[in-house]
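S.K.: Below: one structure in structure tokens.
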Amino acid sequence: MTAWRCDCTVSPPVRHAVTQLLAAVLLSACVASKPAADSPRASATGPAVVSSSEATSPSGPEESEAGIHGADASTSHPAAVVTPGTSPSPQDGVAAPTRHGVSTTEGELALSGSSHGGASTAAPPHAHGPATPEEDPLAQGIPTPGDLKRLDFRGGEPRVPVRLMEGRNEVTFSPRGRMRLRFGGPDEKMLDAAAGTRWTVRVTQGSPAVLSARVQLAEFRMADRAGLQAALESWREKGLAVRAQVLGSVYGIAGKVIDNRRTLLLVDEVLTPDAAGRKQAELLRSHGVQTTLFEEVRTPSKAILEVRDEAGVVVGMAQDRLDAETPDGAGFDVRQVEYGVGYDFHGFEDRTFRGALQLVVDRSGRLAVVNVVPLEDLLKGLVPAEIFARAHSEALKAQAVTARGEVLAKVGIKHLADPYLLCSEQHCAVYRGRTGEAASTTAAVEATRGEGLFSEDGRLVDSVYSAVCGGHTEDNDVVWGGPPDPSLRGRPDVIGPVGAHPLPASLERWLTTANLPAACRLSSFAQPSKFRWEKRFTAEQVDTRLKRLGVGRVQALALTDRGVSGRAAVLTVSGDKGATQVRGELNIRRLFGMLNSSMAVVEAERDAEGRLTGWLFRGGGWGHGVGMCQTGAIGRAEAGQRYQDILRHYFNGAAVAPIY
């Protein structure tokens with residue numbers, strides 16, 4: 001017999017006769033719940049949490065690339081650390097944020113701006129200057145919907161909301177320890193249940209969110225004011241109305257302030273998502289520019305969530321959101337977790353997770369399952385998906401440190417119109433929870449607990465990484481534009497003296513050099529087909545892939561504007577109807593179905609009569625090549641280097657130090 005207690009429902013025998021009354025009571029309680037606080041929340045061990053999305057300057061979600069096992073971190077994020085115990089100020093080079101909450105005017109979207117409940121999370125502007133700490137609302141019970149866009153800093157270690165799956169009509173889960181299921185509302189309705197009991201949450205009366213979108217043209221580091229201004233003027237000269245917008249957050253952990261804000265360049269016109277997609281196609285044809293979408297919630301999604309017991313009896317309802325936790329930290333088993341959406345390995349798997357669960361209405365008006373998990377536990381389920389768990393322990397430690405920094409860099413940058421901060425897929429970072437954990441990577445996470453990388457000037461390093469650098473890493477500005485990051489300078493990744501070997505400045509020779517002592521070639525986990533590779537396309541395939549550029553049948557391709565690793569930043573395309581250029585390393589690779597890297601040369605292939613038959617790409621590496629080379633890190637560890645030395649090499653002298 002199931003042992004449970006519910007403060008907000010009647011016992012199972014009194015079934016459907018009271019369902020409507022129960023729903024009315026719970027809906028009333030949820031709608032009456034208080035809105036999210038608009039002022040920054042204070043960490044118990046550090047400064048206030050401050051979120052920012054200012055409509056003064058621009059970026060949207062970015063796609064990550066496949067790393068060794070999953071995410072190949074491909075974004076560039078500014079970061080700053082100010083004096084412990086203080087809020088950032090303009091003198092520190094960190095502009096104080098000016099607005100919190102949701103605004104449906106002028107395209108403003110704050111980190112706390114995804115509302116999924118009856119209460120509004122809108123808040124008025126507040127003055128510039130140091131944030132005023134207030135009591136953490138999470139300490140008072142269930143967080144309000146707006147808090148989904150904020151980190152929970154209880155205990156000093158942040159807790160991160162990660163989407164496990166979404167778009168579901170129902171989800172079944174079981175607690176591994178005693179469970180408390182919170183329905184929300186001013187009376188804090190809740191249900192207690194024993195370990196091993198099975199519960200199903202089903203969506204009814206769901207309505208999707210109404211979204212609007214602007215086309216995002218470019219992204220700039222906060223410090224790159226000159227680059228932003230030049231881009232604004234350039235697009236305006238082309239007759240396009242554009243605007244800049246700041247995206248990101250400033251938040252504190254144990255006395256350190258981390259700033260991952262950046263500026264987006266947006267087309268000023270507010271469109272429906274469908275119309276924005278057509279605008280993207282138009283810009284690609286007319287200017288050869290690949291763009292992304294910056295989405296905003298105009299009307300939140302809504303639904304009633306039914307909670308059913310093992311017999312299928314409705315024992316409670318809630319508006320838009322439920323929170324489940326196991327006070328002893330035992331976690332949950334979740335049935336049929338969907339993964340690999342859009343990939344050929346798409347499937348379903350029963351998985352186990354640490355931390356708490358949130359069952360919340362997604363943008364489509366259906367059900368999303370969100371795992372709210374401490375950062376260190378998140379890394380235990382994430383690191384083995386990023387690197388081979390059998391790799392050398394020092395390489396695993398290096399991966400744990402870089403992944404920790406990458407998670408913090410992504411907070412408030414992705415999934416702005418969704419009720420979570422990160423997803424568990426390649427777009428953010430592959431995460432399988434406790435199901436995906438391995439003893440070796442867990443040991444690496446625990447050995448480096450709370451550690452991050454800091455540059456000589458005390459800033460948290462943007463610790464990006466890719467799978468295989470091909471023997472030479474790349475400068476961040478070549479791949480993503482913006483100002484050079486001193487910690488992200490491309491360098492030869494060979495073990496031993498550098499001078500005895502060719503460099504990518506002579507790319508043809510570099511790609512054909514035999515026995516190059518590159519760390520990612522010498523690693524016991526090296527894959528020759530990723531270190532050096534060839535990829536062929538027929539002329540018809542290339543014409544089809546590049547049709548949107550409007551140049552007709554392609555006659556010539558040229559890769560130019562190369563960085564120190566030989567990676568190209570510009571592709572010039574000439575056809576029988578004209579010519580254009582595609583700029584951006586990732587944009588070039590996307591045109592050809594995610595080409596392994598842009599460290600490549602391209603040549604036309606012709607038949608005996610000289611007719612164009614296809615195109616051959618010959619290249620090296622797999623991924624953007626900025627920051628740490630994951631396979632190279634394994635090679636360096638096997639050569640005897642400690643993780644601190646490995647990271648110092650890849651991040652230009654950066655030092656490992658505790659964040660919390």
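Residue numbering restarts at 1 for every chain of the structure tokens, chains are lettered A, B, ... in their displayed order, and ligands are numbered from 1 as they appear.
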What residues in segment 309-443 of chain A get the DSSP label strand (DSSP E)? Please answer as a PyMOL selection string.

M.R.: chain A and resi 314-319+321-325+332-339+347-353+356-361+367-374+422-423

S.K.: Run DSSP on the backbone of this structure and report the residues of segment 257-402 of chain A it assigns to helix (DSSP H, G or I), as a VMD selection string.

M.R.: chain A and resid 273 to 287 375 to 386 393 to 402

S.K.: List as JSON, numbers by chain the protein and nucleic acid residues near Ala213 of chain A, meaning an atom at most 12 Å away when only C-alpha atoms are counted, but skip any in the same chain fewer than 5 places from it.

M.R.: {"A": [60, 104, 106, 107, 108, 109, 266, 267, 268, 269, 270, 271, 272, 273, 274, 275, 276, 277, 278, 279, 280, 292, 293, 294, 295, 296, 297, 298, 416, 417]}

S.K.: Considering only C-alpha atoms, give me a table of residues in segment 586-652 of chain A that are at most 9 Å from segment 507-516 of chain A, with the closest atom pair and distance in Å for each, as a Markdown table.

M.R.:
| residue | atom | partner | partner_atom | distance |
| --- | --- | --- | --- | --- |
| A:Met599 | CA | A:Leu507 | CA | 8.3 |
| A:Ala600 | CA | A:Leu507 | CA | 8.0 |
| A:Val601 | CA | A:Glu508 | CA | 7.5 |
| A:Arg618 | CA | A:Leu511 | CA | 8.0 |
| A:Gly619 | CA | A:Leu511 | CA | 6.7 |
| A:Gly620 | CA | A:Leu511 | CA | 6.6 |

S.K.: Can you work out the spacing between atom CA of Ile304 of chain A and atom CA of Gln319 of chain A in Å, to one decimal?

M.R.: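 Straight-line distance from atom CA of Ile304 of chain A to atom CA of Gln319 of chain A works out to 4.8 Å.
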
S.K.: Which neighbours of segment 370-386 of chain A fall inside 8 Å, counting only C-alpha atoms, when residues of the same chain fewer than 2 positions from it are skipped, and could you give them as a PyMOL selection string?

M.R.: chain A and resi 67-72+157-165+353-360+368+388-389+396+399-400+403-404+420+429-438+441-442+445-446+449-450

S.K.: Counting only C-alpha atoms, figure out which residue out of A:Ala654, A:Val289, A:Ile387, A:Val246 gets nearest to Leu488 of chain A.

M.R.: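 Under the stated criterion, the closest residue is A:Ala654.
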
S.K.: With only C-alpha atoms as the counted atoms, please give the residues lying no more than 7 Å from Glu394 of chain A, apart from itself and same-chain residues fewer than 4 positions off, as a PyMOL selection string.

M.R.: chain A and resi 398+637+642-643

S.K.: Please, could you write that set of residues out with N, CA, C and O atoms as a PDB file, in the first residue's frame?

M.R.:
ATOM      1  N   ALA A 398      41.305  18.172 -16.081  1.00  0.00           N
ATOM      2  CA  ALA A 398      41.310  19.357 -16.939  1.00  0.00           C
ATOM      3  C   ALA A 398      39.927  19.568 -17.552  1.00  0.00           C
ATOM      4  O   ALA A 398      39.427  20.696 -17.631  1.00  0.00           O
ATOM      5  N   ALA A 637      48.453  14.548 -20.908  1.00  0.00           N
ATOM      6  CA  ALA A 637      48.404  13.828 -19.637  1.00  0.00           C
ATOM      7  C   ALA A 637      49.211  12.533 -19.723  1.00  0.00           C
ATOM      8  O   ALA A 637      49.947  12.178 -18.794  1.00  0.00           O
ATOM      9  N   ARG A 642      50.513  17.480 -15.550  1.00  0.00           N
ATOM     10  CA  ARG A 642      49.402  17.604 -14.606  1.00  0.00           C
ATOM     11  C   ARG A 642      48.331  18.504 -15.202  1.00  0.00           C
ATOM     12  O   ARG A 642      48.601  19.295 -16.118  1.00  0.00           O
ATOM     13  N   TYR A 643      47.105  18.407 -14.666  1.00  0.00           N
ATOM     14  CA  TYR A 643      45.996  19.152 -15.265  1.00  0.00           C
ATOM     15  C   TYR A 643      46.216  20.653 -15.202  1.00  0.00           C
ATOM     16  O   TYR A 643      45.821  21.386 -16.112  1.00  0.00           O
TER      17      TYR A 643
END

S.K.: Report, in Å to a single decimal, how far apart atom CA of Pro300 of chain A and atom CA of Val313 of chain A are.

M.R.: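 These two atoms are separated by 28.8 Å.
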
S.K.: Identify which of the residues A:Arg214, A:Arg545, A:Arg553, A:Arg351 lies closest to Leu612 of chain A, counting only C-alpha atoms when measuring atom-to-atom distances.

M.R.: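 Using only C-alpha atoms, the shortest distance to Leu612 of chain A belongs to A:Arg553.
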
S.K.: For the interface of segment 574-646 of chain A with segment 458-481 of chain A (cut-off 7 Å, counting only C-alpha atoms), please tabulate each contacting residue of segment 574-646 of chain A alongside its nearest pair of atoms and their separation in Å to one decimal, rows sorted by chain and increasing number, as a Markdown table.

M.R.:
| residue | atom | partner | partner_atom | distance |
| --- | --- | --- | --- | --- |
| A:Gly584 | CA | A:Val479 | CA | 6.5 |
| A:Glu585 | CA | A:Val479 | CA | 5.4 |
| A:Gly620 | CA | A:Gly470 | CA | 5.0 |
| A:Gly621 | CA | A:Gly470 | CA | 3.8 |
| A:Trp622 | CA | A:Val468 | CA | 4.9 |
| A:Gly623 | CA | A:Ser466 | CA | 5.3 |
| A:His624 | CA | A:Ser466 | CA | 6.3 |
| A:Gly625 | CA | A:Cys469 | CA | 4.6 |
| A:Val626 | CA | A:Glu474 | CA | 4.9 |
| A:Gly627 | CA | A:Tyr465 | CA | 5.0 |
| A:Met628 | CA | A:Tyr465 | CA | 4.4 |
| A:Cys629 | CA | A:Ser466 | CA | 5.4 |
| A:Gln630 | CA | A:Ala467 | CA | 5.0 |
| A:Thr631 | CA | A:Val468 | CA | 5.7 |
| A:Gly632 | CA | A:Val468 | CA | 6.9 |

S.K.: For the atom pair atom CA of Val361 of chain A and atom CA of Met179 of chain A, what is the interatomic distance in Å to one decimal place?

M.R.: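 Straight-line distance from atom CA of Val361 of chain A to atom CA of Met179 of chain A works out to 21.1 Å.
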